[in-house]
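Q: My structure file final-v8.cif, mmCIF, C-alpha atoms, is below:
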data_data
#
loop_
_atom_site.label_atom_id
_atom_site.label_comp_id
_atom_site.auth_asym_id
_atom_site.auth_seq_id
_atom_site.Cartn_x
_atom_site.Cartn_y
_atom_site.Cartn_z
CA MET A 1 -57.06 -16.11 4.50
CA GLY A 2 -60.53 -17.48 3.93
CA ASP A 3 -62.32 -14.51 5.55
CA PRO A 4 -64.71 -13.06 2.96
CA SER A 5 -65.33 -9.94 5.07
CA SER A 6 -61.76 -8.70 4.64
CA ASP A 7 -61.41 -9.09 0.88
CA GLY A 8 -64.92 -8.69 -0.54
CA GLY A 9 -65.07 -12.36 -1.56
CA GLN A 10 -62.20 -12.10 -4.01
CA VAL A 11 -59.00 -13.95 -4.78
CA ARG A 12 -55.73 -12.31 -5.76
CA VAL A 13 -54.40 -13.76 -9.01
CA LEU A 14 -50.71 -13.41 -9.95
CA PHE A 15 -49.52 -13.73 -13.55
CA PHE A 16 -45.93 -14.67 -14.31
CA SER A 17 -43.77 -14.78 -17.44
CA GLY A 18 -45.79 -15.74 -20.54
CA ALA A 19 -49.08 -15.46 -18.63
CA ARG A 20 -48.30 -11.87 -17.68
CA GLU A 21 -47.32 -11.07 -21.26
CA ALA A 22 -50.48 -12.73 -22.60
CA CYS A 23 -52.85 -10.61 -20.51
CA GLY A 24 -50.74 -7.52 -19.91
CA LEU A 25 -51.23 -7.71 -16.14
CA ALA A 26 -49.06 -8.79 -13.23
CA GLU A 27 -52.00 -9.31 -10.92
CA ALA A 28 -55.77 -9.02 -10.66
CA MET A 29 -58.54 -9.40 -8.11
CA VAL A 30 -61.24 -11.84 -9.19
CA ALA A 31 -64.62 -12.56 -7.59
CA CYS A 32 -64.75 -15.96 -5.95
CA PRO A 33 -68.28 -17.35 -5.67
CA SER A 34 -68.99 -20.16 -3.26
CA GLY A 35 -68.04 -23.57 -4.68
CA MET A 36 -65.52 -22.19 -7.17
CA ARG A 37 -62.72 -24.57 -8.15
CA ILE A 38 -59.28 -23.81 -9.52
CA GLY A 39 -60.36 -25.00 -12.99
CA ASP A 40 -63.38 -22.62 -12.89
CA LEU A 41 -61.08 -19.74 -12.02
CA LEU A 42 -58.80 -20.57 -14.96
CA GLU A 43 -61.80 -20.60 -17.31
CA GLU A 44 -62.94 -17.24 -15.93
CA LEU A 45 -59.45 -15.81 -16.53
CA VAL A 46 -59.41 -17.14 -20.11
CA ARG A 47 -62.83 -15.52 -20.67
CA ARG A 48 -61.45 -12.19 -19.49
CA HIS A 49 -58.10 -12.45 -21.26
CA ALA A 50 -58.34 -14.26 -24.59
CA GLY A 51 -54.54 -14.16 -24.85
CA LEU A 52 -54.37 -16.80 -22.12
CA ALA A 53 -56.26 -19.38 -24.22
CA PRO A 54 -53.16 -20.80 -25.96
CA LEU A 55 -51.54 -21.30 -22.54
CA ARG A 56 -54.51 -23.19 -21.08
CA GLY A 57 -53.00 -26.62 -21.72
CA GLN A 58 -49.55 -25.73 -20.38
CA VAL A 59 -50.16 -23.50 -17.41
CA ARG A 60 -50.24 -24.86 -13.87
CA LEU A 61 -51.94 -23.05 -11.03
CA ALA A 62 -50.69 -22.63 -7.52
CA ARG A 63 -52.97 -21.85 -4.57
CA ASN A 64 -51.31 -20.17 -1.60
CA GLY A 65 -47.85 -21.17 -2.80
CA GLU A 66 -48.54 -24.85 -3.57
CA PHE A 67 -49.35 -26.44 -6.93
CA ALA A 68 -53.10 -27.02 -7.04
CA ARG A 69 -55.31 -29.56 -8.82
CA MET A 70 -57.97 -28.23 -11.20
CA ASP A 71 -60.71 -29.76 -9.02
CA GLU A 72 -59.39 -28.15 -5.84
CA GLY A 73 -61.57 -25.51 -4.19
CA VAL A 74 -60.58 -21.84 -4.18
CA PHE A 75 -61.70 -19.50 -1.42
CA PRO A 76 -61.92 -15.75 -0.79
CA GLY A 77 -58.58 -14.38 0.36
CA ASP A 78 -56.56 -17.05 -1.46
CA GLU A 79 -53.58 -16.12 -3.62
CA VAL A 80 -53.60 -18.00 -6.91
CA ALA A 81 -50.68 -17.89 -9.35
CA LEU A 82 -50.59 -18.85 -13.02
CA ILE A 83 -47.37 -20.79 -13.57
CA PRO A 84 -46.37 -21.19 -17.24
CA PRO A 85 -43.68 -23.81 -18.00
CA VAL A 86 -40.68 -22.91 -15.85
CA SER A 87 -37.09 -22.41 -17.00
CA GLY A 88 -34.86 -21.74 -14.02
CA GLY A 89 -31.23 -22.69 -13.59
CA MET B 1 -30.01 -32.77 6.02
CA GLU B 2 -29.39 -29.11 6.66
CA THR B 3 -30.72 -26.88 3.84
CA GLU B 4 -30.16 -23.27 2.92
CA VAL B 5 -32.00 -21.73 -0.02
CA GLU B 6 -31.78 -18.17 -1.28
CA ILE B 7 -33.05 -16.16 -4.23
CA THR B 8 -31.03 -13.02 -4.68
CA GLY B 9 -30.77 -10.04 -7.00
CA GLU B 10 -27.04 -9.86 -6.33
CA ARG B 11 -24.12 -11.35 -8.21
CA ILE B 12 -23.10 -14.87 -7.12
CA GLY B 13 -19.41 -15.36 -6.38
CA GLY B 14 -16.71 -13.24 -4.80
CA GLY B 15 -17.05 -15.04 -1.50
CA ARG B 16 -20.77 -15.85 -1.91
CA GLY B 17 -21.34 -19.45 -2.72
CA THR B 18 -18.30 -21.02 -4.24
CA GLY B 19 -15.55 -22.44 -2.06
CA GLY B 20 -14.90 -21.02 1.35
CA GLY B 21 -16.08 -22.35 4.67
CA GLY B 22 -15.11 -25.66 6.15
CA VAL B 23 -16.54 -28.79 4.61
CA GLY B 24 -18.94 -29.54 7.18
CA ALA B 25 -21.22 -31.05 9.64
CA GLY B 26 -18.69 -31.71 12.33
CA GLY B 27 -16.19 -33.39 10.05
CA GLY B 28 -18.75 -35.97 8.87
CA ALA B 29 -18.55 -35.00 5.21
CA GLY B 30 -16.20 -36.78 2.85
CA ALA B 31 -17.31 -34.88 -0.25
CA ARG B 32 -18.62 -31.55 -1.38
CA VAL B 33 -20.04 -31.30 -4.90
CA GLU B 34 -20.55 -27.83 -6.33
CA PHE B 35 -22.48 -26.92 -9.47
CA VAL B 36 -22.48 -23.47 -11.00
CA GLY B 37 -24.91 -22.74 -13.84
CA VAL B 38 -23.53 -19.98 -16.06
CA VAL B 39 -25.32 -17.88 -18.68
CA ARG B 40 -24.03 -18.89 -22.11
CA GLY B 41 -23.74 -16.48 -25.02
CA THR B 42 -26.39 -18.10 -27.21
CA GLU B 43 -30.00 -19.04 -26.62
CA GLY B 44 -31.88 -20.97 -29.31
CA GLY B 45 -29.06 -20.25 -31.78
CA ARG B 46 -29.20 -16.47 -31.26
CA ALA B 47 -26.47 -14.39 -29.64
CA ILE B 48 -27.62 -12.89 -26.37
CA SER B 49 -26.06 -10.47 -23.90
CA ALA B 50 -27.86 -11.71 -20.77
CA LEU B 51 -30.79 -13.67 -19.40
CA ARG B 52 -33.46 -11.96 -17.33
CA TYR B 53 -34.77 -14.23 -14.55
CA GLU B 54 -37.97 -13.77 -12.60
CA ALA B 55 -39.33 -15.86 -9.74
CA TYR B 56 -42.49 -16.35 -7.74
CA ARG B 57 -40.18 -15.91 -4.84
CA PRO B 58 -41.76 -17.44 -1.71
CA MET B 59 -43.07 -20.42 -3.65
CA ALA B 60 -39.77 -20.92 -5.50
CA GLU B 61 -37.82 -20.96 -2.23
CA ASN B 62 -40.29 -23.38 -0.63
CA GLN B 63 -40.27 -25.65 -3.67
CA MET B 64 -36.46 -25.81 -3.70
CA ARG B 65 -36.43 -26.70 0.00
CA LYS B 66 -39.12 -29.36 -0.48
CA ILE B 67 -37.33 -30.92 -3.45
CA LEU B 68 -34.01 -31.07 -1.58
CA LEU B 69 -35.63 -32.79 1.39
CA GLU B 70 -37.54 -35.19 -0.85
CA LEU B 71 -34.35 -36.14 -2.77
CA ASN B 72 -32.47 -36.55 0.48
CA ARG B 73 -34.59 -39.64 1.18
CA SER B 74 -33.09 -41.49 -1.79
CA HIS B 75 -29.71 -39.71 -1.81
CA PRO B 76 -28.88 -39.00 1.85
CA CYS B 77 -26.61 -35.98 2.20
CA LEU B 78 -25.53 -33.79 5.11
CA ARG B 79 -25.96 -30.29 3.83
CA ALA B 80 -27.33 -28.52 0.74
CA ARG B 81 -27.08 -24.89 -0.19
CA VAL B 82 -28.71 -23.28 -3.24
CA ILE B 83 -28.45 -19.67 -4.40
CA HIS B 84 -30.43 -18.63 -7.50
CA ARG B 85 -29.93 -15.18 -8.94
CA ILE B 86 -32.83 -13.20 -10.45
CA GLY B 87 -32.95 -10.04 -12.54
CA VAL B 88 -30.54 -9.49 -15.44
CA VAL B 89 -27.63 -11.97 -15.40
CA PRO B 90 -24.99 -11.14 -18.05
CA VAL B 91 -23.34 -13.81 -20.22
CA GLY B 92 -20.55 -15.55 -18.31
CA GLU B 93 -22.01 -14.89 -14.87
CA ALA B 94 -23.58 -17.47 -12.57
CA ALA B 95 -27.35 -17.86 -12.43
CA ILE B 96 -27.29 -20.65 -9.87
CA HIS B 97 -24.89 -22.16 -7.39
CA VAL B 98 -25.61 -25.51 -5.72
CA SER B 99 -23.33 -26.94 -3.05
CA VAL B 100 -23.99 -30.34 -1.47
CA GLU B 101 -21.98 -32.17 1.17
CA ALA B 102 -22.26 -35.87 1.89
CA VAL B 103 -20.39 -38.68 3.59
CA HIS B 104 -19.47 -40.10 0.16
CA ARG B 105 -19.34 -38.44 -3.26
CA ALA B 106 -21.93 -40.64 -5.02
CA GLU B 107 -24.88 -39.29 -2.99
CA ALA B 108 -23.77 -35.69 -3.44
CA PHE B 109 -23.31 -36.02 -7.23
CA ALA B 110 -26.71 -37.73 -7.53
CA LEU B 111 -28.55 -35.18 -5.43
CA VAL B 112 -27.11 -32.22 -7.35
CA SER B 113 -27.90 -33.80 -10.71
CA VAL B 114 -31.49 -34.75 -9.91
CA PHE B 115 -32.11 -31.45 -8.12
CA MET B 116 -31.20 -29.51 -11.29
CA ASP B 117 -33.63 -31.65 -13.33
CA ARG B 118 -36.43 -31.03 -10.82
CA LEU B 119 -35.65 -27.31 -10.63
CA LYS B 120 -36.32 -27.06 -14.35
CA GLU B 121 -39.72 -28.76 -13.92
CA ASP B 122 -41.19 -27.69 -10.60
CA VAL B 123 -39.68 -24.42 -9.36
CA PRO B 124 -41.44 -21.22 -10.48
CA ILE B 125 -38.48 -19.38 -11.98
CA TRP B 126 -38.43 -18.19 -15.58
CA LYS B 127 -35.81 -16.79 -17.89
CA ALA B 128 -36.02 -14.60 -20.99
CA ALA B 129 -33.23 -13.72 -23.38
CA VAL B 130 -31.84 -10.20 -23.49
CA LEU B 131 -30.57 -9.70 -27.02
CA GLY B 132 -27.16 -8.20 -27.78
#
Give the structure from the file, written as structure tokens.
A:
Amino acid sequence: MGDPSSDGGQVRVLFFSGAREACGLAEAMVACPSGMRIGDLLEELVRRHAGLAPLRGQVRLARNGEFARMDEGVFPGDEVALIPPVSGG
Amino acid sequence: METEVEITGERIGGGRGTGGGGVGAGGGAGARVEFVGVVRGTEGGRAISALRYEAYRPMAENQMRKILLELNRSHPCLRARVIHRIGVVPVGEAAIHVSVEAVHRAEAFALVSVFMDRLKEDVPIWKAAVLG
């Protein structure tokens, strides 16, 4: 992870449950410019997929398998997941 | 505390999970509390035939392990085992089995109860109703 040469400066984004239904995709590759934060990535995803807008206030993001803050940096090669409210058990 | 966490596409029961095995940790345990979450026949007032579960698997397994270890600080137990089923789980079948052993019952009851609350907040597993 974190090696821009191997992934063309992109992050892999995974969509689960309601997020997948809202944008019709299970995953996508998204360009990751230098200085991008998790919150910027979410805004970029909402720009691409208007169906995600209603989820913006509920969805949490995970970066490389850990819940991430909106002001946390995101880097080429990272795996970011959109986590709508969960309902296991 | 010893932990064992598994997400499986297979049916829980029939030797997996419930009962079986010695109550453990070298005879140190005085209690084993088991919780089995079962799919009920209604969801939001509608009759259903099953629930379909999906998970962000590696993260869900890590989160369950982290939560168990975190709760163990306030409710010290000896051993915790969690199996969560994914895919289509028909009404009446188990979606989750939690088994916790402790020296005394109070810690084991508490850990199971709080773990289930945390699971429903912080573990990336989702369910959707499958209608009759």
Q: Given all atoms listed in the file as the basis, pick out the residue of B:Glu43, B:Glu70, B:Glu61, B:Glu34 nearest to Met1 of chain B.
A: B:Glu70
Q: Run the PyMOL selection byres ((chain A and resi 57) around 12) mentally over the shown coordinates, then write out the matched residues as a ChimeraX atom specification, using the chain letters and numbers from the document.
A: /A:39,42-43,46,52-56,58-61,70,82-85
Q: Translate the PyMOL selection byres ((chain B and resi 113) around 12), as applied to the file shown, into an explicit residue set as a ChimeraX atom specification.
A: /A:89 /B:33-37,68,71,75,98-100,106-112,114-120
Q: Go ahead and save the picked residues with C-alpha atoms, as an mmCIF file, in the coordinates of the input.
A:
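Heads up, here's the output in out_31.cif:
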data_model
loop_
_atom_site.group_PDB
_atom_site.id
_atom_site.type_symbol
_atom_site.label_atom_id
_atom_site.label_comp_id
_atom_site.auth_asym_id
_atom_site.auth_seq_id
_atom_site.Cartn_x
_atom_site.Cartn_y
_atom_site.Cartn_z
ATOM 1 C CA GLY A 89 -31.230 -22.690 -13.590
ATOM 2 C CA VAL B 33 -20.040 -31.300 -4.900
ATOM 3 C CA GLU B 34 -20.550 -27.830 -6.330
ATOM 4 C CA PHE B 35 -22.480 -26.920 -9.470
ATOM 5 C CA VAL B 36 -22.480 -23.470 -11.000
ATOM 6 C CA GLY B 37 -24.910 -22.740 -13.840
ATOM 7 C CA LEU B 68 -34.010 -31.070 -1.580
ATOM 8 C CA LEU B 71 -34.350 -36.140 -2.770
ATOM 9 C CA HIS B 75 -29.710 -39.710 -1.810
ATOM 10 C CA VAL B 98 -25.610 -25.510 -5.720
ATOM 11 C CA SER B 99 -23.330 -26.940 -3.050
ATOM 12 C CA VAL B 100 -23.990 -30.340 -1.470
ATOM 13 C CA ALA B 106 -21.930 -40.640 -5.020
ATOM 14 C CA GLU B 107 -24.880 -39.290 -2.990
ATOM 15 C CA ALA B 108 -23.770 -35.690 -3.440
ATOM 16 C CA PHE B 109 -23.310 -36.020 -7.230
ATOM 17 C CA ALA B 110 -26.710 -37.730 -7.530
ATOM 18 C CA LEU B 111 -28.550 -35.180 -5.430
ATOM 19 C CA VAL B 112 -27.110 -32.220 -7.350
ATOM 20 C CA VAL B 114 -31.490 -34.750 -9.910
ATOM 21 C CA PHE B 115 -32.110 -31.450 -8.120
ATOM 22 C CA MET B 116 -31.200 -29.510 -11.290
ATOM 23 C CA ASP B 117 -33.630 -31.650 -13.330
ATOM 24 C CA ARG B 118 -36.430 -31.030 -10.820
ATOM 25 C CA LEU B 119 -35.650 -27.310 -10.630
ATOM 26 C CA LYS B 120 -36.320 -27.060 -14.350
#
Q: Taking only C-alpha atoms into account, report as a PyMOL selection string which residues of chain B lie within 10 Å of chain A.
A: chain B and resi 36-39+53-60+62-63+84-86+94-97+116-128
Q: Would you put the residues from that selection into a file with C-alpha atoms, as an mmCIF file, in the frame of the given file?
A:
data_model
loop_
_atom_site.group_PDB
_atom_site.id
_atom_site.type_symbol
_atom_site.label_atom_id
_atom_site.label_comp_id
_atom_site.auth_asym_id
_atom_site.auth_seq_id
_atom_site.Cartn_x
_atom_site.Cartn_y
_atom_site.Cartn_z
ATOM 1 C CA VAL B 36 -22.480 -23.470 -11.000
ATOM 2 C CA GLY B 37 -24.910 -22.740 -13.840
ATOM 3 C CA VAL B 38 -23.530 -19.980 -16.060
ATOM 4 C CA VAL B 39 -25.320 -17.880 -18.680
ATOM 5 C CA TYR B 53 -34.770 -14.230 -14.550
ATOM 6 C CA GLU B 54 -37.970 -13.770 -12.600
ATOM 7 C CA ALA B 55 -39.330 -15.860 -9.740
ATOM 8 C CA TYR B 56 -42.490 -16.350 -7.740
ATOM 9 C CA ARG B 57 -40.180 -15.910 -4.840
ATOM 10 C CA PRO B 58 -41.760 -17.440 -1.710
ATOM 11 C CA MET B 59 -43.070 -20.420 -3.650
ATOM 12 C CA ALA B 60 -39.770 -20.920 -5.500
ATOM 13 C CA ASN B 62 -40.290 -23.380 -0.630
ATOM 14 C CA GLN B 63 -40.270 -25.650 -3.670
ATOM 15 C CA HIS B 84 -30.430 -18.630 -7.500
ATOM 16 C CA ARG B 85 -29.930 -15.180 -8.940
ATOM 17 C CA ILE B 86 -32.830 -13.200 -10.450
ATOM 18 C CA ALA B 94 -23.580 -17.470 -12.570
ATOM 19 C CA ALA B 95 -27.350 -17.860 -12.430
ATOM 20 C CA ILE B 96 -27.290 -20.650 -9.870
ATOM 21 C CA HIS B 97 -24.890 -22.160 -7.390
ATOM 22 C CA MET B 116 -31.200 -29.510 -11.290
ATOM 23 C CA ASP B 117 -33.630 -31.650 -13.330
ATOM 24 C CA ARG B 118 -36.430 -31.030 -10.820
ATOM 25 C CA LEU B 119 -35.650 -27.310 -10.630
ATOM 26 C CA LYS B 120 -36.320 -27.060 -14.350
ATOM 27 C CA GLU B 121 -39.720 -28.760 -13.920
ATOM 28 C CA ASP B 122 -41.190 -27.690 -10.600
ATOM 29 C CA VAL B 123 -39.680 -24.420 -9.360
ATOM 30 C CA PRO B 124 -41.440 -21.220 -10.480
ATOM 31 C CA ILE B 125 -38.480 -19.380 -11.980
ATOM 32 C CA TRP B 126 -38.430 -18.190 -15.580
ATOM 33 C CA LYS B 127 -35.810 -16.790 -17.890
ATOM 34 C CA ALA B 128 -36.020 -14.600 -20.990
#
Q: In Å, how far is it from atom CA of Met36 of chain A to atom CA of Arg12 of chain A?
A: 14.0 Å
Q: Run the PyMOL selection byres ((chain B and resi 44-52) around 6) against the file shown and list the residues it catches, as a short mmCIF file (atom, residue, chain, number, x, y, z; two decimals) with C-alpha atoms, keeping the file's coordinate frame.
A:
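Result saved to selection-v3.cif:
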data_model
loop_
_atom_site.label_atom_id
_atom_site.label_comp_id
_atom_site.auth_asym_id
_atom_site.auth_seq_id
_atom_site.Cartn_x
_atom_site.Cartn_y
_atom_site.Cartn_z
CA GLY B 41 -23.74 -16.48 -25.02
CA THR B 42 -26.39 -18.10 -27.21
CA GLU B 43 -30.00 -19.04 -26.62
CA TYR B 53 -34.77 -14.23 -14.55
CA GLY B 87 -32.95 -10.04 -12.54
CA VAL B 88 -30.54 -9.49 -15.44
CA VAL B 89 -27.63 -11.97 -15.40
CA PRO B 90 -24.99 -11.14 -18.05
CA VAL B 91 -23.34 -13.81 -20.22
CA LYS B 127 -35.81 -16.79 -17.89
CA ALA B 128 -36.02 -14.60 -20.99
CA ALA B 129 -33.23 -13.72 -23.38
CA VAL B 130 -31.84 -10.20 -23.49
CA LEU B 131 -30.57 -9.70 -27.02
CA GLY B 132 -27.16 -8.20 -27.78
#
Q: Quick one, how far is atom CA of Glu27 of chain A from atom CA of Thr8 of chain B?
A: 22.2 Å
Q: Which value, in Å to one decimal, gives the distance between atom CA of Arg105 of chain B and atom CA of Glu93 of chain B?
A: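 Going from atom CA of Arg105 of chain B over to atom CA of Glu93 of chain B, I get 26.4 Å.
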Q: Select, from A:Ala28, A:Arg47, A:Val11, A:Ala22, the residue with the minimum atom-to-atom distance to Val74 of chain A, counting all atoms listed in the file.
A: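 Among A:Ala28, A:Arg47, A:Val11, A:Ala22, it is A:Val11 that comes nearest to Val74 of chain A.
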Q: I'd like the neighbourhood of Gly24 of chain A as a ChimeraX atom specification, where a residue qualifies if any of its atoms comes within 9 Å (using all atoms listed in the file), though same-chain residues fewer than 4 positions away should be ignored.
A: /A:15,19-20,49
Q: Distance cut-off 8 Å, centre (-25.5, -32.0, 5.8) in file coordinates, counting only C-alpha atoms: which residues qualify? Return them as a ChimeraX atom specification.
A: /B:1-3,24-25,29,77-80,100-102
Q: With only C-alpha atoms as the counted atoms, please give the residues lying no more than 7 Å from Phe75 of chain A, apart from itself and same-chain residues fewer than 2 positions off, as a PyMOL selection string.
A: chain A and resi 2+32+73+77-78
Q: Taking all atoms listed in the file into account, name the residue in A:Arg37, A:Gly51, A:Glu44, A:Ala31 that is nearest to Arg69 of chain A.
A: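 Comparing A:Arg37, A:Gly51, A:Glu44, A:Ala31 against Arg69 of chain A, the winner is A:Arg37.
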Q: Measuring atom to atom with all atoms listed in the file, identify which of A:Leu41, A:Val13, A:Glu79, A:Arg48 is nearest to Met29 of chain A.
A: A:Val13
Q: Looking at B:Val82, B:Val103, B:Met64, B:Leu69, which one is nearest to Gly27 of chain B, with distances taken over only C-alpha atoms?
A: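 That would be B:Val103, the residue with the smallest distance to Gly27 of chain B.
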Q: Where's the centre, and what are the edge lengths in Å to one decimal, of a box along x, y and z enclosing all listed atoms of segment 30-42 of chain B padded 3 Å per side, as JSON?
A:
{"center_x": -21.3, "center_y": -26.6, "center_z": -12.2, "size_x": 16.2, "size_y": 26.3, "size_z": 36.1}
